[in-house]
file target.cif (mmCIF, N, CA and C atoms and all ligand atoms)
data_my_file
#
loop_
_atom_site.label_atom_id
_atom_site.label_comp_id
_atom_site.auth_asym_id
_atom_site.auth_seq_id
_atom_site.Cartn_x
_atom_site.Cartn_y
_atom_site.Cartn_z
N MET A 26 110.16 88.72 119.03
CA MET A 26 109.90 89.78 118.05
C MET A 26 110.32 89.29 116.67
N PRO A 27 109.38 89.29 115.72
CA PRO A 27 109.73 88.81 114.37
C PRO A 27 110.78 89.71 113.71
N LYS A 28 111.64 89.08 112.93
CA LYS A 28 112.62 89.84 112.17
C LYS A 28 112.27 89.75 110.68
N ILE A 29 112.25 90.91 110.02
CA ILE A 29 112.05 90.92 108.57
C ILE A 29 113.36 91.34 107.94
N THR A 30 113.85 90.51 107.03
CA THR A 30 115.02 90.90 106.24
C THR A 30 114.50 91.35 104.88
N PHE A 31 114.62 92.65 104.63
CA PHE A 31 114.22 93.20 103.34
C PHE A 31 115.41 93.13 102.38
N LEU A 32 115.16 92.69 101.18
CA LEU A 32 116.18 92.72 100.12
C LEU A 32 115.82 93.87 99.20
N VAL A 33 116.65 94.89 99.20
CA VAL A 33 116.39 96.10 98.43
C VAL A 33 117.57 96.33 97.49
N ASN A 34 117.33 96.20 96.20
CA ASN A 34 118.40 96.37 95.21
C ASN A 34 119.63 95.53 95.56
N GLY A 35 119.40 94.28 95.98
CA GLY A 35 120.49 93.37 96.27
C GLY A 35 121.12 93.54 97.64
N GLN A 36 120.65 94.51 98.42
CA GLN A 36 121.20 94.74 99.76
C GLN A 36 120.22 94.22 100.82
N GLU A 37 120.76 93.63 101.88
CA GLU A 37 119.92 93.16 102.98
C GLU A 37 119.70 94.28 103.99
N LYS A 38 118.44 94.45 104.41
CA LYS A 38 118.16 95.41 105.47
C LYS A 38 117.29 94.70 106.51
N PRO A 39 117.88 94.21 107.60
CA PRO A 39 117.10 93.53 108.63
C PRO A 39 116.42 94.53 109.56
N VAL A 40 115.15 94.29 109.87
CA VAL A 40 114.44 95.16 110.81
C VAL A 40 113.64 94.29 111.78
N ASP A 41 113.39 94.83 112.95
CA ASP A 41 112.53 94.16 113.93
C ASP A 41 111.09 94.61 113.69
N ALA A 42 110.17 93.65 113.66
CA ALA A 42 108.75 93.97 113.46
C ALA A 42 107.99 93.61 114.72
N LYS A 43 106.87 94.30 114.92
CA LYS A 43 105.99 93.91 116.02
C LYS A 43 105.14 92.74 115.54
N ALA A 44 104.75 91.85 116.46
CA ALA A 44 103.88 90.74 116.09
C ALA A 44 102.58 91.29 115.52
N GLU A 45 102.13 90.69 114.44
CA GLU A 45 100.88 91.04 113.74
C GLU A 45 100.96 92.37 112.99
N GLU A 46 102.13 92.98 112.95
CA GLU A 46 102.32 94.17 112.11
C GLU A 46 102.37 93.72 110.65
N THR A 47 101.94 94.60 109.73
CA THR A 47 102.08 94.23 108.32
C THR A 47 103.51 94.49 107.85
N ILE A 48 103.85 93.84 106.75
CA ILE A 48 105.18 94.08 106.17
C ILE A 48 105.33 95.56 105.84
N LEU A 49 104.26 96.16 105.31
CA LEU A 49 104.31 97.59 104.96
C LEU A 49 104.54 98.46 106.19
N GLN A 50 103.83 98.19 107.27
CA GLN A 50 104.01 98.99 108.49
C GLN A 50 105.45 98.89 108.99
N ALA A 51 106.00 97.69 108.97
CA ALA A 51 107.39 97.51 109.43
C ALA A 51 108.36 98.24 108.51
N ALA A 52 108.09 98.19 107.20
CA ALA A 52 108.96 98.89 106.25
C ALA A 52 108.92 100.39 106.52
N GLN A 53 107.73 100.94 106.64
CA GLN A 53 107.59 102.38 106.83
C GLN A 53 108.19 102.85 108.15
N ALA A 54 108.11 101.99 109.18
CA ALA A 54 108.65 102.37 110.49
C ALA A 54 110.18 102.34 110.51
N ASN A 55 110.77 101.71 109.49
CA ASN A 55 112.22 101.53 109.51
C ASN A 55 112.92 102.09 108.28
N GLY A 56 112.23 102.96 107.55
CA GLY A 56 112.88 103.64 106.43
C GLY A 56 113.13 102.78 105.21
N VAL A 57 112.41 101.67 105.10
CA VAL A 57 112.55 100.82 103.91
C VAL A 57 111.61 101.37 102.83
N PRO A 58 112.11 101.56 101.61
CA PRO A 58 111.33 102.26 100.58
C PRO A 58 110.26 101.39 99.92
N MET A 59 109.25 100.98 100.69
CA MET A 59 108.12 100.24 100.12
C MET A 59 107.01 101.26 99.84
N GLU A 60 106.53 101.28 98.61
CA GLU A 60 105.51 102.25 98.20
C GLU A 60 104.14 101.84 98.72
N SER A 61 103.24 102.81 98.84
CA SER A 61 101.88 102.50 99.31
C SER A 61 100.91 103.54 98.75
N ALA A 62 100.74 103.54 97.44
CA ALA A 62 99.93 104.58 96.77
C ALA A 62 98.48 104.60 97.25
N CYS A 63 97.94 103.46 97.65
CA CYS A 63 96.53 103.43 98.07
C CYS A 63 96.38 103.55 99.59
N GLY A 64 97.49 103.80 100.27
CA GLY A 64 97.41 103.97 101.72
C GLY A 64 97.26 102.67 102.49
N GLY A 65 97.66 101.57 101.88
CA GLY A 65 97.61 100.29 102.59
C GLY A 65 96.26 99.62 102.55
N ASN A 66 95.47 99.93 101.55
CA ASN A 66 94.12 99.35 101.47
C ASN A 66 93.98 98.20 100.48
N GLY A 67 95.08 97.78 99.87
CA GLY A 67 95.02 96.61 99.02
C GLY A 67 94.48 96.84 97.62
N PHE A 68 94.64 98.06 97.10
CA PHE A 68 94.08 98.36 95.78
C PHE A 68 95.11 98.78 94.73
N CYS A 69 96.38 98.98 95.11
CA CYS A 69 97.29 99.59 94.13
C CYS A 69 98.45 98.69 93.69
N MET A 70 98.83 97.74 94.48
CA MET A 70 99.94 96.82 94.21
C MET A 70 101.31 97.47 94.27
N THR A 71 101.42 98.72 94.68
CA THR A 71 102.76 99.31 94.77
C THR A 71 103.56 98.71 95.93
N CYS A 72 102.89 98.01 96.83
CA CYS A 72 103.58 97.37 97.96
C CYS A 72 103.86 95.90 97.68
N LYS A 73 103.64 95.47 96.45
CA LYS A 73 103.86 94.06 96.10
C LYS A 73 105.31 93.66 96.38
N CYS A 74 105.49 92.48 96.97
CA CYS A 74 106.83 92.00 97.26
C CYS A 74 106.86 90.49 97.09
N HIS A 75 108.06 89.94 97.16
CA HIS A 75 108.24 88.50 96.97
C HIS A 75 108.81 87.92 98.26
N VAL A 76 108.14 86.90 98.79
CA VAL A 76 108.59 86.27 100.03
C VAL A 76 109.62 85.21 99.67
N ARG A 77 110.86 85.44 100.05
CA ARG A 77 111.95 84.51 99.72
C ARG A 77 112.14 83.44 100.78
N LYS A 78 111.82 83.76 102.03
CA LYS A 78 111.92 82.78 103.12
C LYS A 78 110.83 83.08 104.14
N GLY A 79 110.33 82.02 104.79
CA GLY A 79 109.44 82.21 105.94
C GLY A 79 107.98 82.48 105.59
N ALA A 80 107.52 82.05 104.42
CA ALA A 80 106.11 82.30 104.04
C ALA A 80 105.15 81.73 105.08
N GLU A 81 105.59 80.67 105.76
CA GLU A 81 104.72 80.06 106.78
C GLU A 81 104.56 80.97 108.00
N ASN A 82 105.38 82.01 108.09
CA ASN A 82 105.28 82.95 109.21
C ASN A 82 104.43 84.17 108.90
N LEU A 83 103.63 84.07 107.83
CA LEU A 83 102.69 85.13 107.46
C LEU A 83 101.27 84.59 107.50
N ASN A 84 100.29 85.49 107.61
CA ASN A 84 98.90 85.06 107.46
C ASN A 84 98.71 84.52 106.04
N PRO A 85 97.72 83.65 105.83
CA PRO A 85 97.46 83.21 104.45
C PRO A 85 96.99 84.39 103.60
N PRO A 86 97.23 84.35 102.29
CA PRO A 86 96.76 85.44 101.42
C PRO A 86 95.26 85.67 101.61
N ASN A 87 94.86 86.93 101.67
CA ASN A 87 93.45 87.24 101.92
C ASN A 87 92.71 87.56 100.62
N GLU A 88 91.44 87.94 100.75
CA GLU A 88 90.61 88.18 99.56
C GLU A 88 91.16 89.31 98.70
N ARG A 89 91.69 90.37 99.31
CA ARG A 89 92.24 91.49 98.54
C ARG A 89 93.41 91.00 97.69
N GLU A 90 94.27 90.19 98.29
CA GLU A 90 95.43 89.71 97.54
C GLU A 90 95.01 88.79 96.40
N GLU A 91 94.00 87.97 96.65
CA GLU A 91 93.51 87.09 95.58
C GLU A 91 92.88 87.93 94.48
N ALA A 92 92.15 88.97 94.86
CA ALA A 92 91.51 89.84 93.85
C ALA A 92 92.55 90.57 93.01
N MET A 93 93.72 90.84 93.60
CA MET A 93 94.77 91.54 92.87
C MET A 93 95.70 90.58 92.13
N GLY A 94 95.39 89.28 92.17
CA GLY A 94 96.11 88.31 91.36
C GLY A 94 97.45 87.88 91.92
N MET A 95 97.66 88.01 93.23
CA MET A 95 98.92 87.56 93.81
C MET A 95 99.01 86.03 93.69
N SER A 96 100.18 85.54 93.35
CA SER A 96 100.37 84.09 93.25
C SER A 96 101.82 83.75 93.56
N GLY A 97 102.08 82.48 93.77
CA GLY A 97 103.44 82.05 94.08
C GLY A 97 103.95 82.74 95.33
N ASP A 98 105.12 83.37 95.21
CA ASP A 98 105.73 84.02 96.38
C ASP A 98 105.30 85.49 96.51
N GLU A 99 104.34 85.92 95.71
CA GLU A 99 103.92 87.33 95.74
C GLU A 99 102.96 87.61 96.88
N ARG A 100 103.17 88.71 97.57
CA ARG A 100 102.24 89.19 98.59
C ARG A 100 102.12 90.70 98.50
N LEU A 101 101.00 91.19 99.00
CA LEU A 101 100.86 92.64 99.18
C LEU A 101 101.38 92.97 100.57
N GLY A 102 102.36 93.86 100.64
CA GLY A 102 102.97 94.20 101.92
C GLY A 102 101.97 94.75 102.92
N CYS A 103 100.91 95.37 102.42
CA CYS A 103 99.92 95.98 103.33
C CYS A 103 98.91 94.98 103.85
N GLN A 104 98.89 93.78 103.29
CA GLN A 104 97.90 92.78 103.71
C GLN A 104 98.54 91.60 104.44
N ALA A 105 99.85 91.46 104.33
CA ALA A 105 100.56 90.33 104.93
C ALA A 105 101.04 90.70 106.33
N THR A 106 100.55 89.98 107.34
CA THR A 106 100.96 90.25 108.72
C THR A 106 102.00 89.23 109.17
N VAL A 107 102.91 89.70 110.00
CA VAL A 107 104.11 88.94 110.35
C VAL A 107 103.96 88.25 111.70
N LYS A 108 104.24 86.94 111.72
CA LYS A 108 104.20 86.18 112.98
C LYS A 108 105.57 85.66 113.38
N GLY A 109 106.49 85.62 112.42
CA GLY A 109 107.82 85.10 112.67
C GLY A 109 108.78 85.65 111.63
N ASP A 110 109.99 85.11 111.60
CA ASP A 110 111.02 85.66 110.74
C ASP A 110 110.73 85.39 109.25
N ILE A 111 110.92 86.41 108.44
CA ILE A 111 110.74 86.28 106.99
C ILE A 111 111.82 87.07 106.26
N THR A 112 111.99 86.71 104.99
CA THR A 112 112.83 87.49 104.09
C THR A 112 111.98 87.87 102.89
N VAL A 113 111.92 89.15 102.57
CA VAL A 113 111.11 89.61 101.45
C VAL A 113 111.94 90.49 100.53
N GLU A 114 111.71 90.34 99.24
CA GLU A 114 112.40 91.16 98.24
C GLU A 114 111.40 92.16 97.67
N LEU A 115 111.79 93.42 97.63
CA LEU A 115 110.92 94.44 97.07
C LEU A 115 110.92 94.37 95.56
N GLU A 116 109.82 94.77 94.95
CA GLU A 116 109.77 94.93 93.50
C GLU A 116 110.75 96.03 93.13
N SER A 117 111.53 95.83 92.07
CA SER A 117 112.45 96.91 91.70
C SER A 117 112.00 97.55 90.40
S1 LIG A 201 99.58 99.82 99.64
FE1 LIG A 201 98.25 99.67 97.96
S2 LIG A 201 97.99 97.53 97.68
FE2 LIG A 201 99.26 97.70 99.42
#
call {"tool": "encode", "arguments": {"input": "target.cif", "output": "structure tokens", "more": "lines below"}}
Ligand code: FES
result
Amino acid sequence: MPKITFLVNGQEKPVDAKAEETILQAAQANGVPMESACGGNGFCMTCKCHVRKGAENLNPPNEREEAMGMSGDERLGCQATVKGDITVELES
């Protein structure tokens, strides 16, 4: 079971994610305050986060993320699916 460590305002919040679950789904299932104004459809960027560790354990950035200008360690939480352990920092 993949583990996601969320960094929220400098605090670590580790949660267990299901394989192939999105970062957003795991956040919402565990009370992590990741926003999702567009309902997880890749149009609003309120779920934007920064992958601090384990980027290789996510799917590659998809067309929606490229269209929204994600680069470097940036991902859309609603489009990034988890295959292994990662650490992500929420936008503050
Ligand atoms: S929830 Fe809107 S872009 Fe991810």
call {"tool": "atom_distance", "arguments": {"input": "target.cif", "atom1": "CA of Ala54 (chain A)", "atom2": "CA of Glu88 (chain A)"}}
result
25.4 Å
call {"tool": "select_by_dssp", "arguments": {"input": "target.cif", "residues": "chain A", "states": "strand (DSSP E)", "output": "mmCIF file with N, CA and C atoms, in the frame of the given file"}}
result
data_model
loop_
_atom_site.group_PDB
_atom_site.id
_atom_site.type_symbol
_atom_site.label_atom_id
_atom_site.label_comp_id
_atom_site.auth_asym_id
_atom_site.auth_seq_id
_atom_site.Cartn_x
_atom_site.Cartn_y
_atom_site.Cartn_z
ATOM 1 N N LYS A 28 111.640 89.080 112.930
ATOM 2 C CA LYS A 28 112.620 89.840 112.170
ATOM 3 C C LYS A 28 112.270 89.750 110.680
ATOM 4 N N ILE A 29 112.250 90.910 110.020
ATOM 5 C CA ILE A 29 112.050 90.920 108.570
ATOM 6 C C ILE A 29 113.360 91.340 107.940
ATOM 7 N N THR A 30 113.850 90.510 107.030
ATOM 8 C CA THR A 30 115.020 90.900 106.240
ATOM 9 C C THR A 30 114.500 91.350 104.880
ATOM 10 N N PHE A 31 114.620 92.650 104.630
ATOM 11 C CA PHE A 31 114.220 93.200 103.340
ATOM 12 C C PHE A 31 115.410 93.130 102.380
ATOM 13 N N LEU A 32 115.160 92.690 101.180
ATOM 14 C CA LEU A 32 116.180 92.720 100.120
ATOM 15 C C LEU A 32 115.820 93.870 99.200
ATOM 16 N N VAL A 33 116.650 94.890 99.200
ATOM 17 C CA VAL A 33 116.390 96.100 98.430
ATOM 18 C C VAL A 33 117.570 96.330 97.490
ATOM 19 N N GLN A 36 120.650 94.510 98.420
ATOM 20 C CA GLN A 36 121.200 94.740 99.760
ATOM 21 C C GLN A 36 120.220 94.220 100.820
ATOM 22 N N GLU A 37 120.760 93.630 101.880
ATOM 23 C CA GLU A 37 119.920 93.160 102.980
ATOM 24 C C GLU A 37 119.700 94.280 103.990
ATOM 25 N N LYS A 38 118.440 94.450 104.410
ATOM 26 C CA LYS A 38 118.160 95.410 105.470
ATOM 27 C C LYS A 38 117.290 94.700 106.510
ATOM 28 N N PRO A 39 117.880 94.210 107.600
ATOM 29 C CA PRO A 39 117.100 93.530 108.630
ATOM 30 C C PRO A 39 116.420 94.530 109.560
ATOM 31 N N VAL A 40 115.150 94.290 109.870
ATOM 32 C CA VAL A 40 114.440 95.160 110.810
ATOM 33 C C VAL A 40 113.640 94.290 111.780
ATOM 34 N N ASP A 41 113.390 94.830 112.950
ATOM 35 C CA ASP A 41 112.530 94.160 113.930
ATOM 36 C C ASP A 41 111.090 94.610 113.690
ATOM 37 N N LYS A 73 103.640 95.470 96.450
ATOM 38 C CA LYS A 73 103.860 94.060 96.100
ATOM 39 C C LYS A 73 105.310 93.660 96.380
ATOM 40 N N CYS A 74 105.490 92.480 96.970
ATOM 41 C CA CYS A 74 106.830 92.000 97.260
ATOM 42 C C CYS A 74 106.860 90.490 97.090
ATOM 43 N N HIS A 75 108.060 89.940 97.160
ATOM 44 C CA HIS A 75 108.240 88.500 96.970
ATOM 45 C C HIS A 75 108.810 87.920 98.260
ATOM 46 N N VAL A 76 108.140 86.900 98.790
ATOM 47 C CA VAL A 76 108.590 86.270 100.030
ATOM 48 C C VAL A 76 109.620 85.210 99.670
ATOM 49 N N ARG A 77 110.860 85.440 100.050
ATOM 50 C CA ARG A 77 111.950 84.510 99.720
ATOM 51 C C ARG A 77 112.140 83.440 100.780
ATOM 52 N N LYS A 78 111.820 83.760 102.030
ATOM 53 C CA LYS A 78 111.920 82.780 103.120
ATOM 54 C C LYS A 78 110.830 83.080 104.140
ATOM 55 N N GLU A 99 104.340 85.920 95.710
ATOM 56 C CA GLU A 99 103.920 87.330 95.740
ATOM 57 C C GLU A 99 102.960 87.610 96.880
ATOM 58 N N ARG A 100 103.170 88.710 97.570
ATOM 59 C CA ARG A 100 102.240 89.190 98.590
ATOM 60 C C ARG A 100 102.120 90.700 98.500
ATOM 61 N N LEU A 101 101.000 91.190 99.000
ATOM 62 C CA LEU A 101 100.860 92.640 99.180
ATOM 63 C C LEU A 101 101.380 92.970 100.570
ATOM 64 N N ILE A 111 110.920 86.410 108.440
ATOM 65 C CA ILE A 111 110.740 86.280 106.990
ATOM 66 C C ILE A 111 111.820 87.070 106.260
ATOM 67 N N THR A 112 111.990 86.710 104.990
ATOM 68 C CA THR A 112 112.830 87.490 104.090
ATOM 69 C C THR A 112 111.980 87.870 102.890
ATOM 70 N N VAL A 113 111.920 89.150 102.570
ATOM 71 C CA VAL A 113 111.110 89.610 101.450
ATOM 72 C C VAL A 113 111.940 90.490 100.530
ATOM 73 N N GLU A 114 111.710 90.340 99.240
ATOM 74 C CA GLU A 114 112.400 91.160 98.240
ATOM 75 C C GLU A 114 111.400 92.160 97.670
ATOM 76 N N LEU A 115 111.790 93.420 97.630
ATOM 77 C CA LEU A 115 110.920 94.440 97.070
ATOM 78 C C LEU A 115 110.920 94.370 95.560
#
call {"tool": "closest_residue", "arguments": {"input": "target.cif", "among": "A:Glu91, A:Asp41, A:Glu81, A:Glu114", "to": "ligand LIG 201 (chain A)", "atoms": "only C-alpha atoms and all ligand atoms"}}
result
A:Glu91
call {"tool": "residues_near_ligand", "arguments": {"input": "target.cif", "ligand": "ligand LIG 201 (chain A)", "cutoff": "10 Å", "atoms": "only C-alpha atoms and all ligand atoms", "output": "ChimeraX atom specification"}}
result
/A:47-50,59-74,89-90,93,100-105
call {"tool": "select_by_dssp", "arguments": {"input": "target.cif", "residues": "region 51-96 of chain A", "states": "alpha helix (DSSP H)", "output": "PyMOL selection string"}}
result
chain A and resi 51-54+88-92
call {"tool": "residues_around", "arguments": {"input": "target.cif", "residues": "Asn82 (chain A)", "least_positions_apart": "2", "cutoff": "5 Å", "atoms": "all atoms listed in the file", "output": "list in words"}}
result
Gly79, Ala80, Asn84, Val107, Lys108 and Gly109 of chain A
call {"tool": "closest_residue", "arguments": {"input": "target.cif", "among": "A:Gly97, A:Ile29, A:Gly35, A:Thr106", "to": "Pro85 (chain A)", "atoms": "only C-alpha atoms"}}
result
A:Thr106
call {"tool": "residues_around", "arguments": {"input": "target.cif", "residues": "Lys38 (chain A)", "least_positions_apart": "4", "cutoff": "8 Å", "atoms": "only N, CA and C atoms", "output": "ChimeraX atom specification"}}
result
/A:29-33,57
call {"tool": "residues_around", "arguments": {"input": "target.cif", "residues": "Ala42 (chain A)", "least_positions_apart": "6", "cutoff": "7 Å", "atoms": "only C-alpha atoms", "output": "PyMOL selection string"}}
result
chain A and resi 26-29+51
call {"tool": "atom_distance", "arguments": {"input": "target.cif", "atom1": "atom N of Glu99 (chain A)", "atom2": "atom N of Arg77 (chain A)"}}
result
7.8 Å
call {"tool": "atom_distance", "arguments": {"input": "target.cif", "atom1": "CA of Gln36 (chain A)", "atom2": "atom C of Ala92 (chain A)"}}
result
29.7 Å
